[in-house]
$ cat entry-v8.cif   # mmCIF, C-alpha atoms and all ligand atoms
data_my_file
loop_
_atom_site.label_atom_id
_atom_site.label_comp_id
_atom_site.auth_asym_id
_atom_site.auth_seq_id
_atom_site.Cartn_x
_atom_site.Cartn_y
_atom_site.Cartn_z
CA MET A 168 32.84 -7.75 35.56
CA GLY A 169 32.48 -11.43 36.34
CA ASP A 170 30.00 -10.83 39.17
CA GLY A 171 26.27 -10.44 38.62
CA ARG A 172 26.38 -6.74 39.41
CA GLY A 173 29.05 -6.02 36.78
CA ILE A 174 27.11 -7.97 34.20
CA GLU A 175 23.91 -6.15 35.09
CA THR A 176 25.71 -2.79 34.79
CA ALA A 177 26.99 -3.74 31.34
CA ALA A 178 23.52 -4.80 30.20
CA LYS A 179 21.88 -1.72 31.72
CA SER A 180 24.35 0.59 30.00
CA ILE A 181 22.90 -0.65 26.71
CA ALA A 182 19.27 -1.39 27.48
CA GLY A 183 18.60 1.15 30.25
CA ASP A 184 15.11 0.78 31.73
CA ARG A 185 14.20 -1.81 29.13
CA LEU A 186 16.21 -4.36 31.12
CA ARG A 187 13.51 -5.80 33.38
CA ALA A 188 15.24 -8.68 35.12
CA LEU A 189 18.67 -10.21 35.04
CA LYS A 190 19.86 -13.32 36.80
CA HIS A 191 23.30 -14.91 36.86
CA ALA A 192 23.64 -18.43 38.21
CA ASP A 193 26.14 -21.19 37.41
CA GLY A 194 27.41 -19.36 34.33
CA LEU A 195 23.93 -18.89 32.89
CA VAL A 196 22.77 -15.33 32.47
CA SER A 197 19.07 -14.88 31.84
CA ALA A 198 17.44 -11.55 31.19
CA VAL A 199 14.12 -10.07 30.19
CA LEU A 200 13.99 -7.10 27.82
CA GLU A 201 10.94 -4.87 27.51
CA VAL A 202 10.73 -4.10 23.78
CA GLY A 203 7.32 -2.38 23.61
CA GLY A 204 7.27 0.36 20.98
CA LEU A 205 10.33 -0.95 19.12
CA SER A 206 10.18 -2.33 15.61
CA PRO A 207 11.04 -6.06 15.38
CA GLU A 208 14.40 -5.09 13.81
CA ASP A 209 15.26 -2.65 16.61
CA ALA A 210 14.16 -5.17 19.25
CA ALA A 211 16.39 -7.86 17.70
CA ALA A 212 19.28 -5.40 17.52
CA LEU A 213 18.89 -4.40 21.17
CA GLN A 214 18.75 -8.05 22.17
CA ALA A 215 21.91 -8.73 20.14
CA ARG A 216 23.80 -5.83 21.68
CA VAL A 217 22.90 -6.85 25.22
CA ARG A 218 23.95 -10.40 24.43
CA ALA A 219 27.26 -9.20 22.98
CA ALA A 220 27.94 -7.15 26.12
CA VAL A 221 27.24 -9.98 28.57
CA GLU A 222 28.46 -13.12 26.92
CA THR A 223 32.14 -12.22 26.97
CA ALA A 224 32.12 -11.51 30.72
CA PRO A 225 34.26 -13.90 32.73
CA GLY A 226 32.34 -16.87 34.11
CA VAL A 227 29.48 -16.59 31.62
CA SER A 228 28.94 -19.75 29.61
CA ALA A 229 25.42 -19.22 28.28
CA VAL A 230 23.06 -16.28 27.80
CA ARG A 231 19.29 -16.46 27.48
CA ILE A 232 17.47 -13.24 26.69
CA VAL A 233 13.70 -13.21 26.46
CA THR A 234 11.91 -10.18 25.07
CA THR A 235 8.42 -9.16 26.06
CA ALA A 236 7.54 -9.60 22.37
CA ASP A 237 8.35 -13.31 22.73
CA ARG A 238 5.74 -13.58 25.46
CA ARG A 239 3.08 -11.28 24.04
CA PRO A 240 3.37 -11.15 20.27
CA GLU A 241 1.80 -8.07 18.76
CA PRO A 242 0.85 -7.70 15.12
CA ALA A 243 3.63 -5.84 13.33
CA ALA A 244 2.66 -2.25 12.63
CA ALA A 245 2.40 -1.39 8.98
CA LYS A 246 5.63 0.32 8.07
CA PRO A 247 5.95 2.95 5.38
CA ALA A 248 7.86 1.59 2.42
CA ALA A 249 11.54 2.53 2.50
CA PRO A 250 12.39 5.08 -0.18
CA ALA A 251 13.90 3.43 -3.22
CA PRO A 252 17.65 3.96 -3.51
CA ALA A 253 18.39 6.79 -5.86
CA ALA A 254 21.18 4.86 -7.55
CA PRO A 255 21.62 1.14 -8.24
CA ARG A 256 23.60 -0.66 -5.58
CA PRO A 257 26.91 -2.31 -6.52
CA ASP A 258 26.68 -6.02 -7.25
CA ARG A 259 28.92 -6.94 -4.30
CA VAL A 260 29.11 -5.10 -0.98
CA ILE A 261 31.87 -6.16 1.39
CA ALA A 262 32.18 -4.61 4.86
CA VAL A 263 35.49 -4.53 6.72
CA ALA A 264 35.08 -4.32 10.49
CA SER A 265 37.08 -4.60 13.69
CA GLY A 266 36.34 -4.62 17.40
CA LYS A 267 38.63 -1.69 18.15
CA GLY A 268 40.60 1.03 16.40
CA GLY A 269 44.25 0.91 15.47
CA VAL A 270 44.32 -2.68 14.23
CA GLY A 271 44.71 -1.72 10.56
CA LYS A 272 41.07 -1.94 9.42
CA SER A 273 41.29 1.16 7.20
CA THR A 274 44.64 0.09 5.77
CA VAL A 275 43.16 -3.32 4.91
CA SER A 276 39.98 -1.77 3.45
CA ALA A 277 41.80 0.65 1.14
CA ASN A 278 44.38 -1.87 -0.04
CA LEU A 279 41.72 -4.56 -0.49
CA ALA A 280 39.68 -2.22 -2.72
CA ILE A 281 42.77 -1.37 -4.79
CA ALA A 282 43.71 -5.05 -5.06
CA LEU A 283 40.15 -5.91 -6.17
CA ALA A 284 40.58 -3.37 -8.98
CA ARG A 285 43.93 -4.96 -9.84
CA ILE A 286 42.35 -8.38 -10.21
CA GLY A 287 39.74 -7.01 -12.57
CA ARG A 288 36.82 -5.80 -10.44
CA ARG A 289 35.36 -2.32 -10.82
CA ALA A 290 36.00 -1.50 -7.19
CA GLY A 291 34.97 1.29 -4.85
CA LEU A 292 35.73 2.25 -1.25
CA LEU A 293 33.17 3.81 1.08
CA ASP A 294 34.85 5.07 4.24
CA ALA A 295 32.01 4.84 6.78
CA ASP A 296 34.16 5.95 9.70
CA ILE A 297 32.24 9.20 10.05
CA HIS A 298 34.15 10.30 13.15
CA GLY A 299 37.65 9.40 11.98
CA PRO A 300 37.74 9.18 8.20
CA SER A 301 41.13 7.99 6.97
CA ALA A 302 40.58 7.11 3.29
CA PRO A 303 41.60 10.60 2.03
CA MET A 304 44.97 10.32 3.77
CA LEU A 305 45.55 6.68 2.83
CA LEU A 306 44.85 7.43 -0.83
CA GLY A 307 46.42 10.90 -1.00
CA LEU A 308 43.07 12.57 -1.83
CA THR A 309 42.56 16.24 -1.06
CA GLY A 310 39.55 17.22 -3.23
CA ARG A 311 35.90 17.41 -2.31
CA ALA A 312 33.10 15.22 -3.68
CA ARG A 313 30.57 17.14 -5.81
CA LEU A 314 26.90 16.72 -6.52
CA GLU A 315 26.22 15.70 -10.11
CA ALA A 316 22.64 15.35 -11.33
CA GLY A 317 21.50 15.12 -7.72
CA LEU A 318 23.90 12.32 -6.79
CA ILE A 319 27.19 12.52 -4.88
CA ALA A 320 30.01 11.74 -7.32
CA PRO A 321 32.75 9.60 -5.74
CA LEU A 322 36.34 10.69 -6.36
CA SER A 323 38.77 8.46 -8.15
CA ALA A 324 42.22 7.40 -6.96
CA HIS A 325 44.54 4.43 -7.54
CA GLY A 326 41.99 2.78 -9.84
CA ILE A 327 39.05 2.89 -7.44
CA ALA A 328 36.07 5.17 -6.73
CA VAL A 329 36.15 6.65 -3.22
CA LEU A 330 33.75 8.39 -0.86
CA SER A 331 34.48 9.46 2.67
CA MET A 332 33.11 11.97 5.14
CA GLY A 333 36.57 13.50 4.87
CA LEU A 334 35.80 14.31 1.22
CA MET A 335 32.39 15.80 1.90
CA ALA A 336 32.28 18.01 4.96
CA ASP A 337 34.60 19.72 7.31
CA PRO A 338 35.76 16.53 9.09
CA GLY A 339 35.99 18.44 12.41
CA ARG A 340 32.25 19.05 12.25
CA ALA A 341 31.35 15.41 11.65
CA VAL A 342 32.99 14.43 14.95
CA ALA A 343 30.06 15.97 16.81
CA TRP A 344 27.52 13.80 14.96
CA ARG A 345 25.82 11.16 16.98
CA GLY A 346 23.66 8.12 16.36
CA PRO A 347 20.96 8.75 13.77
CA MET A 348 22.80 11.64 12.09
CA ALA A 349 25.94 9.60 11.59
CA SER A 350 23.87 6.66 10.34
CA SER A 351 22.01 8.82 7.89
CA ALA A 352 25.26 10.35 6.57
CA PHE A 353 26.47 6.79 6.01
CA LYS A 354 23.27 5.79 4.19
CA GLN A 355 23.48 8.88 2.01
CA MET A 356 27.00 8.03 0.95
CA LEU A 357 25.64 4.66 -0.11
CA ASP A 358 22.17 5.38 -1.50
CA ASN A 359 22.58 8.90 -2.84
CA ALA A 360 25.95 8.47 -4.48
CA ASP A 361 26.67 7.42 -8.02
CA TRP A 362 28.23 3.97 -7.60
CA SER A 363 26.87 2.94 -11.00
CA GLY A 364 30.31 2.24 -12.49
CA ILE A 365 31.22 0.01 -9.55
CA ASP A 366 30.56 -3.71 -9.18
CA THR A 367 32.38 -4.36 -5.89
CA LEU A 368 32.16 -1.92 -3.00
CA VAL A 369 34.33 -2.19 0.12
CA ILE A 370 32.93 -0.43 3.19
CA ASP A 371 35.43 0.59 5.86
CA MET A 372 33.28 0.41 9.00
CA PRO A 373 33.84 2.38 12.20
CA PRO A 374 35.35 0.17 14.92
CA GLY A 375 33.06 -1.48 17.44
CA THR A 376 29.33 -2.12 17.58
CA GLY A 377 27.71 1.31 17.30
CA ASP A 378 24.80 2.71 15.31
CA ILE A 379 26.49 2.58 11.92
CA THR A 380 27.23 -1.11 12.43
CA LEU A 381 23.56 -1.73 13.16
CA THR A 382 22.50 0.32 10.12
CA LEU A 383 24.89 -1.70 7.98
CA ALA A 384 23.64 -5.05 9.23
CA GLN A 385 19.94 -4.25 9.22
CA GLN A 386 19.50 -1.95 6.24
CA VAL A 387 22.49 -2.28 3.95
CA LYS A 388 22.79 -6.06 4.38
CA PRO A 389 26.26 -6.51 2.88
CA ASP A 390 27.18 -9.73 1.09
CA GLY A 391 29.77 -10.39 3.77
CA VAL A 392 31.99 -8.97 6.48
CA VAL A 393 35.76 -9.27 6.84
CA ILE A 394 36.90 -9.02 10.48
CA VAL A 395 40.34 -7.49 11.02
CA SER A 396 42.24 -8.19 14.23
CA THR A 397 45.77 -8.11 15.51
CA PRO A 398 46.87 -11.27 17.31
CA GLN A 399 46.61 -9.82 20.87
CA ASP A 400 43.96 -11.30 23.10
CA LEU A 401 42.40 -7.93 23.83
CA ALA A 402 41.94 -7.03 20.17
CA LEU A 403 40.54 -10.49 19.59
CA ILE A 404 38.00 -10.29 22.39
CA ASP A 405 36.72 -7.03 20.88
CA ALA A 406 36.75 -8.54 17.39
CA GLU A 407 34.66 -11.49 18.61
CA ARG A 408 32.17 -9.12 20.20
CA ALA A 409 31.69 -7.35 16.85
CA LEU A 410 31.52 -10.69 15.10
CA ASN A 411 28.85 -11.97 17.49
CA LEU A 412 26.73 -8.93 16.76
CA PHE A 413 26.97 -9.51 13.00
CA GLN A 414 26.09 -13.16 13.47
CA GLU A 415 23.08 -12.31 15.64
CA LEU A 416 21.87 -9.95 12.95
CA GLY A 417 22.33 -12.56 10.23
CA THR A 418 25.22 -10.90 8.37
CA PRO A 419 27.41 -13.45 6.54
CA ILE A 420 31.00 -13.49 7.83
CA LEU A 421 33.67 -13.93 5.17
CA GLY A 422 36.48 -14.57 7.65
CA PHE A 423 39.34 -12.99 9.58
CA VAL A 424 42.34 -10.98 8.51
CA GLU A 425 45.15 -11.26 11.01
CA ASN A 426 47.08 -8.00 10.75
CA MET A 427 50.56 -7.25 12.11
CA ALA A 428 50.96 -11.00 12.49
CA SER A 429 54.77 -11.00 12.42
CA PHE A 430 57.81 -8.83 11.81
CA ARG A 431 60.78 -9.81 9.66
CA CYS A 432 64.00 -8.20 10.88
CA PRO A 433 65.50 -6.26 7.93
CA CYS A 434 69.04 -7.05 9.18
CA CYS A 435 68.97 -10.77 9.91
CA GLY A 436 65.66 -11.92 8.38
CA THR A 437 64.45 -13.46 11.65
CA GLU A 438 60.67 -13.50 11.93
CA THR A 439 59.19 -12.41 15.27
CA ARG A 440 55.55 -12.73 16.37
CA ILE A 441 55.51 -9.43 18.24
CA PHE A 442 51.86 -9.56 19.26
CA GLY A 443 51.68 -13.27 20.05
CA GLU A 444 50.64 -16.18 17.96
CA GLY A 445 47.78 -18.47 17.10
CA GLY A 446 44.91 -16.47 18.65
CA VAL A 447 43.17 -15.49 15.43
CA GLU A 448 43.61 -18.99 14.04
CA ARG A 449 42.11 -20.51 17.19
CA ALA A 450 39.16 -18.12 17.18
CA ALA A 451 38.55 -18.76 13.48
CA ALA A 452 38.72 -22.53 13.93
CA GLU A 453 36.31 -22.42 16.87
CA LEU A 454 33.83 -20.45 14.79
CA GLY A 455 34.36 -22.51 11.64
CA LEU A 456 35.57 -19.44 9.74
CA PRO A 457 38.62 -19.05 7.49
CA VAL A 458 41.64 -16.82 8.09
CA LEU A 459 41.64 -14.96 4.77
CA ALA A 460 45.08 -13.39 5.17
CA ARG A 461 47.93 -13.06 7.60
CA LEU A 462 49.62 -9.70 7.01
CA PRO A 463 53.08 -8.97 8.40
CA LEU A 464 53.95 -5.80 10.29
CA ASP A 465 55.52 -3.95 7.40
CA PRO A 466 57.19 -0.54 7.84
CA ALA A 467 56.88 0.07 4.07
CA LEU A 468 53.09 -0.39 4.29
CA ARG A 469 52.94 2.09 7.16
CA ALA A 470 55.05 4.63 5.26
CA ALA A 471 53.02 4.22 2.03
CA SER A 472 49.77 4.62 4.03
CA ASP A 473 50.95 7.80 5.72
CA ALA A 474 52.14 9.22 2.40
CA GLY A 475 48.92 8.34 0.56
CA THR A 476 50.83 6.25 -1.96
CA PRO A 477 49.61 2.64 -1.66
CA GLN A 478 51.86 0.14 -3.41
CA PRO A 479 50.96 -3.10 -5.24
CA SER A 480 51.18 -6.05 -2.85
CA GLY A 481 50.95 -9.79 -3.32
CA HIS A 482 49.41 -10.10 0.15
CA PHE A 483 46.48 -7.87 -0.77
CA ASP A 484 46.04 -9.45 -4.23
CA ALA A 485 45.79 -12.85 -2.52
CA LEU A 486 43.29 -11.42 -0.04
CA ALA A 487 41.20 -9.99 -2.90
CA HIS A 488 41.06 -13.42 -4.58
CA ARG A 489 40.17 -15.13 -1.27
CA VAL A 490 37.36 -12.66 -0.61
CA MET A 491 35.84 -13.20 -4.06
CA GLU A 492 36.11 -16.99 -3.66
CA ARG A 493 34.48 -16.83 -0.25
CA LEU A 494 31.58 -14.79 -1.63
CA GLU A 495 30.99 -17.52 -4.17
CA VAL A 496 31.07 -20.22 -1.51
CA LEU A 497 28.49 -18.30 0.51
CA ASP A 498 26.33 -17.83 -2.62
CA GLU A 499 26.36 -21.57 -3.25
CA ALA A 500 25.47 -22.30 0.37
CA ASP A 501 22.60 -19.83 0.01
CA VAL A 502 21.30 -21.51 -3.14
CA ARG A 503 21.37 -24.92 -1.44
CA ARG A 504 19.37 -23.67 1.55
P1 LIG B 601 42.24 1.26 12.08
O1 LIG B 601 41.49 1.58 10.82
O2 LIG B 601 41.97 -0.12 12.58
O3 LIG B 601 42.09 2.29 13.15
P2 LIG B 601 44.63 1.93 10.57
O4 LIG B 601 44.40 1.22 9.28
O5 LIG B 601 44.40 3.40 10.61
O6 LIG B 601 43.81 1.22 11.73
O7 LIG B 601 46.11 1.56 11.03
C1 LIG B 601 46.67 2.10 12.22
C2 LIG B 601 48.15 2.37 11.98
O8 LIG B 601 48.83 1.12 11.79
C3 LIG B 601 48.44 3.20 10.73
O9 LIG B 601 49.54 4.02 11.00
C4 LIG B 601 48.80 2.16 9.68
O10 LIG B 601 49.69 2.69 8.69
C5 LIG B 601 49.51 1.12 10.54
N1 LIG B 601 49.41 -0.24 10.00
C6 LIG B 601 48.29 -0.94 9.73
N2 LIG B 601 48.59 -2.18 9.29
C7 LIG B 601 49.95 -2.25 9.27
C8 LIG B 601 50.88 -3.28 8.90
N3 LIG B 601 50.47 -4.49 8.50
N4 LIG B 601 52.21 -2.99 9.00
C9 LIG B 601 52.62 -1.77 9.43
N5 LIG B 601 51.80 -0.79 9.80
C10 LIG B 601 50.47 -1.02 9.73
#
$ encode --input "entry-v8.cif" --output "structure tokens"
Amino acid sequence: MGDGRGIETAAKSIAGDRLRALKHADGLVSAVLEVGGLSPEDAAALQARVRAAVETAPGVSAVRIVTTADRRPEPAAAKPAAPAPAAPRPDRVIAVASGKGGVGKSTVSANLAIALARIGRRAGLLDADIHGPSAPMLLGLTGRARLEAGLIAPLSAHGIAVLSMGLMADPGRAVAWRGPMASSAFKQMLDNADWSGIDTLVIDMPPGTGDITLTLAQQVKPDGVVIVSTPQDLALIDAERALNLFQELGTPILGFVENMASFRCPCCGTETRIFGEGGVERAAAELGLPVLARLPLDPALRAASDAGTPQPSGHFDALAHRVMERLEVLDEADVRR
């Protein structure tokens, strides 16, 4: 989609009639978005999504998107106050995201939460993948969450508190949920659940840049996001698209986890970079972000995940420490600002 028409189609697929003009010349894409009737947050989110869709197109070196609000500022409408959360929010909220599915995001989320508990945090896992919840399988959970004193009570497994759509409703039914319904189910699992015993919550996000991602960035405002990618270029391009969206929306990025980075032959011990090498490192260096962990392709991890019997792992303990350190670095940077 390097030509102007392909880029316009991509932008239109997100903004529809709100895309008023789009030009592509010498690598610069400029566009005007009509944002009348949208809240400032929704307008910024739409702008960010259009930008994310266009800027990775071949031949595009810069993107300039002007909204009608930039030209004709209107006083912000008085908004009703958001309802207060029913339960206190955990001290630390860490989102784990990826550009596409199948890169190991859920595996990393679950094992990171368990490792955080192992290093002394009171950790929880919120599986926000409404359409494909995997936490129950990864953790060997079969029960159902109950309501206690008006709040959803997370289940407990492997030292952590867990909530997932797969523990609440018939998962088959949730697949049909779209946009606002899925986002509100996500918010309920956060705001109307009893996370009071938890100080560090890991949120396993759905892949990509959909509604739940926007809800997370704009309303939940996590302390930071971990981006999981395999080393292949395609996974990385998608990961960068998700990352760009978080950056546009002001969500702090903790760093990358490179998953399935290498495979050690059980017979001869030779290490092979099956999915290529160096891509995640390069992307991280370009963005000034750390690679928090490089996880090997490990058949034992796959088997333990499928069986719902996660095992202690030095890799995940190290990741848990790195994540906590990174949160502190970001806190200090925040204080200095
Ligand atoms: P995602 O959440 O990104 O869709 P999953 O965590 O469900 O991905 O992982 C996809 C599959 O890859 C699962 O079968 C999982 O057990 C396997 N997997 C993930 N990471 C690894 C790894 N480092 N080594 C071996 N298998 C892995």
$ residues_near_ligand --input "entry-v8.cif" --ligand "ligand LIG 601 (chain B)" --cutoff "8 Å" --atoms "only C-alpha atoms and all ligand atoms" --output "JSON, numbers by chain"
{"A": [265, 267, 268, 269, 270, 271, 272, 273, 274, 275, 276, 301, 371, 373, 374, 395, 426, 427, 428, 462, 463, 464, 465, 466, 467, 468, 469, 470, 471, 472, 473]}
$ write_last_selection --input "entry-v8.cif" --atoms "C-alpha atoms" --output "short mmCIF file (atom, residue, chain, number, x, y, z; two decimals), in the frame of the given file"
data_model
loop_
_atom_site.label_atom_id
_atom_site.label_comp_id
_atom_site.auth_asym_id
_atom_site.auth_seq_id
_atom_site.Cartn_x
_atom_site.Cartn_y
_atom_site.Cartn_z
CA SER A 265 37.08 -4.60 13.69
CA LYS A 267 38.63 -1.69 18.15
CA GLY A 268 40.60 1.03 16.40
CA GLY A 269 44.25 0.91 15.47
CA VAL A 270 44.32 -2.68 14.23
CA GLY A 271 44.71 -1.72 10.56
CA LYS A 272 41.07 -1.94 9.42
CA SER A 273 41.29 1.16 7.20
CA THR A 274 44.64 0.09 5.77
CA VAL A 275 43.16 -3.32 4.91
CA SER A 276 39.98 -1.77 3.45
CA SER A 301 41.13 7.99 6.97
CA ASP A 371 35.43 0.59 5.86
CA PRO A 373 33.84 2.38 12.20
CA PRO A 374 35.35 0.17 14.92
CA VAL A 395 40.34 -7.49 11.02
CA ASN A 426 47.08 -8.00 10.75
CA MET A 427 50.56 -7.25 12.11
CA ALA A 428 50.96 -11.00 12.49
CA LEU A 462 49.62 -9.70 7.01
CA PRO A 463 53.08 -8.97 8.40
CA LEU A 464 53.95 -5.80 10.29
CA ASP A 465 55.52 -3.95 7.40
CA PRO A 466 57.19 -0.54 7.84
CA ALA A 467 56.88 0.07 4.07
CA LEU A 468 53.09 -0.39 4.29
CA ARG A 469 52.94 2.09 7.16
CA ALA A 470 55.05 4.63 5.26
CA ALA A 471 53.02 4.22 2.03
CA SER A 472 49.77 4.62 4.03
CA ASP A 473 50.95 7.80 5.72
#
$ residues_around --input "entry-v8.cif" --residues "stretch 484-488 of chain A" --least-positions-apart "6" --cutoff "10 Å" --atoms "only C-alpha atoms" --output "number ranges by chain"
A: 275, 278-286, 288, 424, 458-462
$ residues_near_point --input "entry-v8.cif" --point "(30.0, 2.4, -10.6)" --cutoff "12 Å" --atoms "all atoms listed in the file" --output "ChimeraX atom specification"
/A:254-259,288-292,319-323,327-329,357,360-368
$ residues_around --input "entry-v8.cif" --residues "stretch 182-190 of chain A" --least-positions-apart "4" --cutoff "12 Å" --atoms "all atoms listed in the file" --output "short mmCIF file (atom, residue, chain, number, x, y, z; two decimals) with C-alpha atoms, in the frame of the given file"
data_model
loop_
_atom_site.label_atom_id
_atom_site.label_comp_id
_atom_site.auth_asym_id
_atom_site.auth_seq_id
_atom_site.Cartn_x
_atom_site.Cartn_y
_atom_site.Cartn_z
CA ASP A 170 30.00 -10.83 39.17
CA GLY A 171 26.27 -10.44 38.62
CA ARG A 172 26.38 -6.74 39.41
CA GLY A 173 29.05 -6.02 36.78
CA ILE A 174 27.11 -7.97 34.20
CA GLU A 175 23.91 -6.15 35.09
CA THR A 176 25.71 -2.79 34.79
CA ALA A 177 26.99 -3.74 31.34
CA ALA A 178 23.52 -4.80 30.20
CA GLY A 194 27.41 -19.36 34.33
CA LEU A 195 23.93 -18.89 32.89
CA VAL A 196 22.77 -15.33 32.47
CA SER A 197 19.07 -14.88 31.84
CA ALA A 198 17.44 -11.55 31.19
CA VAL A 199 14.12 -10.07 30.19
CA LEU A 200 13.99 -7.10 27.82
CA GLU A 201 10.94 -4.87 27.51
CA VAL A 202 10.73 -4.10 23.78
CA GLY A 203 7.32 -2.38 23.61
CA GLY A 204 7.27 0.36 20.98
CA LEU A 205 10.33 -0.95 19.12
CA ASP A 209 15.26 -2.65 16.61
CA ALA A 210 14.16 -5.17 19.25
CA ALA A 212 19.28 -5.40 17.52
CA LEU A 213 18.89 -4.40 21.17
CA GLN A 214 18.75 -8.05 22.17
CA ALA A 215 21.91 -8.73 20.14
CA ARG A 216 23.80 -5.83 21.68
CA VAL A 217 22.90 -6.85 25.22
CA ARG A 218 23.95 -10.40 24.43
CA ALA A 220 27.94 -7.15 26.12
CA VAL A 221 27.24 -9.98 28.57
CA VAL A 227 29.48 -16.59 31.62
CA ALA A 229 25.42 -19.22 28.28
CA VAL A 230 23.06 -16.28 27.80
CA ARG A 231 19.29 -16.46 27.48
CA ILE A 232 17.47 -13.24 26.69
CA VAL A 233 13.70 -13.21 26.46
CA THR A 234 11.91 -10.18 25.07
CA THR A 235 8.42 -9.16 26.06
#
$ atom_distance --input "entry-v8.cif" --atom1 "atom CA of A:Lys354" --atom2 "atom CA of A:Leu334"
15.4 Å
$ atom_distance --input "entry-v8.cif" --atom1 "atom CA of A:Arg311" --atom2 "atom CA of A:Asp294"
14.0 Å
$ atom_distance --input "entry-v8.cif" --atom1 "atom CA of A:Gly422" --atom2 "atom CA of A:Pro457"
5.0 Å
$ closest_residue --input "entry-v8.cif" --among "A:Pro479, A:Gly266, A:Gly445, A:Gly299" --to "A:Leu410" --atoms "only C-alpha atoms"
A:Gly266
$ closest_residue --input "entry-v8.cif" --among "A:Ala224, A:Ala211, A:Ala219, A:Val387" --to "A:Ile370" --atoms "only C-alpha atoms"
A:Val387
$ closest_residue --input "entry-v8.cif" --among "A:Ser396, A:Arg440, A:Gly375, A:Ala402" --to "A:Glu425" --atoms "all atoms listed in the file"
A:Ser396
$ residues_near_point --input "entry-v8.cif" --point "(42.8, 17.4, -3.5)" --cutoff "12 Å" --atoms "all atoms listed in the file" --output "number ranges by chain"
A: 303-304, 306-312, 322-324, 333-335, 475
$ decode --input "entry-v8.cif" --residues "stretch 423-435 of chain A" --atoms "N, CA and C atoms" --output "mmCIF file, in the first residue's frame"
data_model
loop_
_atom_site.group_PDB
_atom_site.id
_atom_site.type_symbol
_atom_site.label_atom_id
_atom_site.label_comp_id
_atom_site.auth_asym_id
_atom_site.auth_seq_id
_atom_site.Cartn_x
_atom_site.Cartn_y
_atom_site.Cartn_z
ATOM 1 N N PHE A 423 10.754 -4.060 25.518
ATOM 2 C CA PHE A 423 10.370 -5.221 24.702
ATOM 3 C C PHE A 423 10.711 -6.529 25.409
ATOM 4 N N VAL A 424 9.928 -7.547 25.136
ATOM 5 C CA VAL A 424 10.340 -8.921 25.421
ATOM 6 C C VAL A 424 10.451 -9.619 24.073
ATOM 7 N N GLU A 425 11.647 -10.128 23.797
ATOM 8 C CA GLU A 425 11.814 -10.888 22.561
ATOM 9 C C GLU A 425 11.551 -12.355 22.887
ATOM 10 N N ASN A 426 10.465 -12.890 22.335
ATOM 11 C CA ASN A 426 10.089 -14.269 22.659
ATOM 12 C C ASN A 426 10.462 -15.193 21.500
ATOM 13 N N MET A 427 10.747 -16.434 21.840
ATOM 14 C CA MET A 427 11.144 -17.459 20.867
ATOM 15 C C MET A 427 12.411 -16.996 20.133
ATOM 16 N N ALA A 428 13.309 -16.385 20.910
ATOM 17 C CA ALA A 428 14.497 -15.767 20.321
ATOM 18 C C ALA A 428 15.442 -16.814 19.727
ATOM 19 N N SER A 429 15.549 -17.973 20.376
ATOM 20 C CA SER A 429 16.501 -18.975 19.880
ATOM 21 C C SER A 429 16.061 -20.353 20.355
ATOM 22 N N PHE A 430 16.629 -21.376 19.739
ATOM 23 C CA PHE A 430 16.309 -22.749 20.142
ATOM 24 C C PHE A 430 17.608 -23.518 20.361
ATOM 25 N N ARG A 431 17.712 -24.140 21.545
ATOM 26 C CA ARG A 431 18.909 -24.936 21.833
ATOM 27 C C ARG A 431 18.603 -26.398 21.546
ATOM 28 N N CYS A 432 19.355 -26.988 20.636
ATOM 29 C CA CYS A 432 19.118 -28.383 20.249
ATOM 30 C C CYS A 432 19.367 -29.291 21.463
ATOM 31 N N PRO A 433 18.368 -30.112 21.843
ATOM 32 C CA PRO A 433 18.547 -30.957 23.022
ATOM 33 C C PRO A 433 19.619 -32.029 22.811
ATOM 34 N N CYS A 434 19.953 -32.344 21.554
ATOM 35 C CA CYS A 434 20.945 -33.393 21.291
ATOM 36 C C CYS A 434 22.371 -32.848 21.327
ATOM 37 N N CYS A 435 22.596 -31.740 20.578
ATOM 38 C CA CYS A 435 23.989 -31.286 20.462
ATOM 39 C C CYS A 435 24.229 -29.946 21.156
#
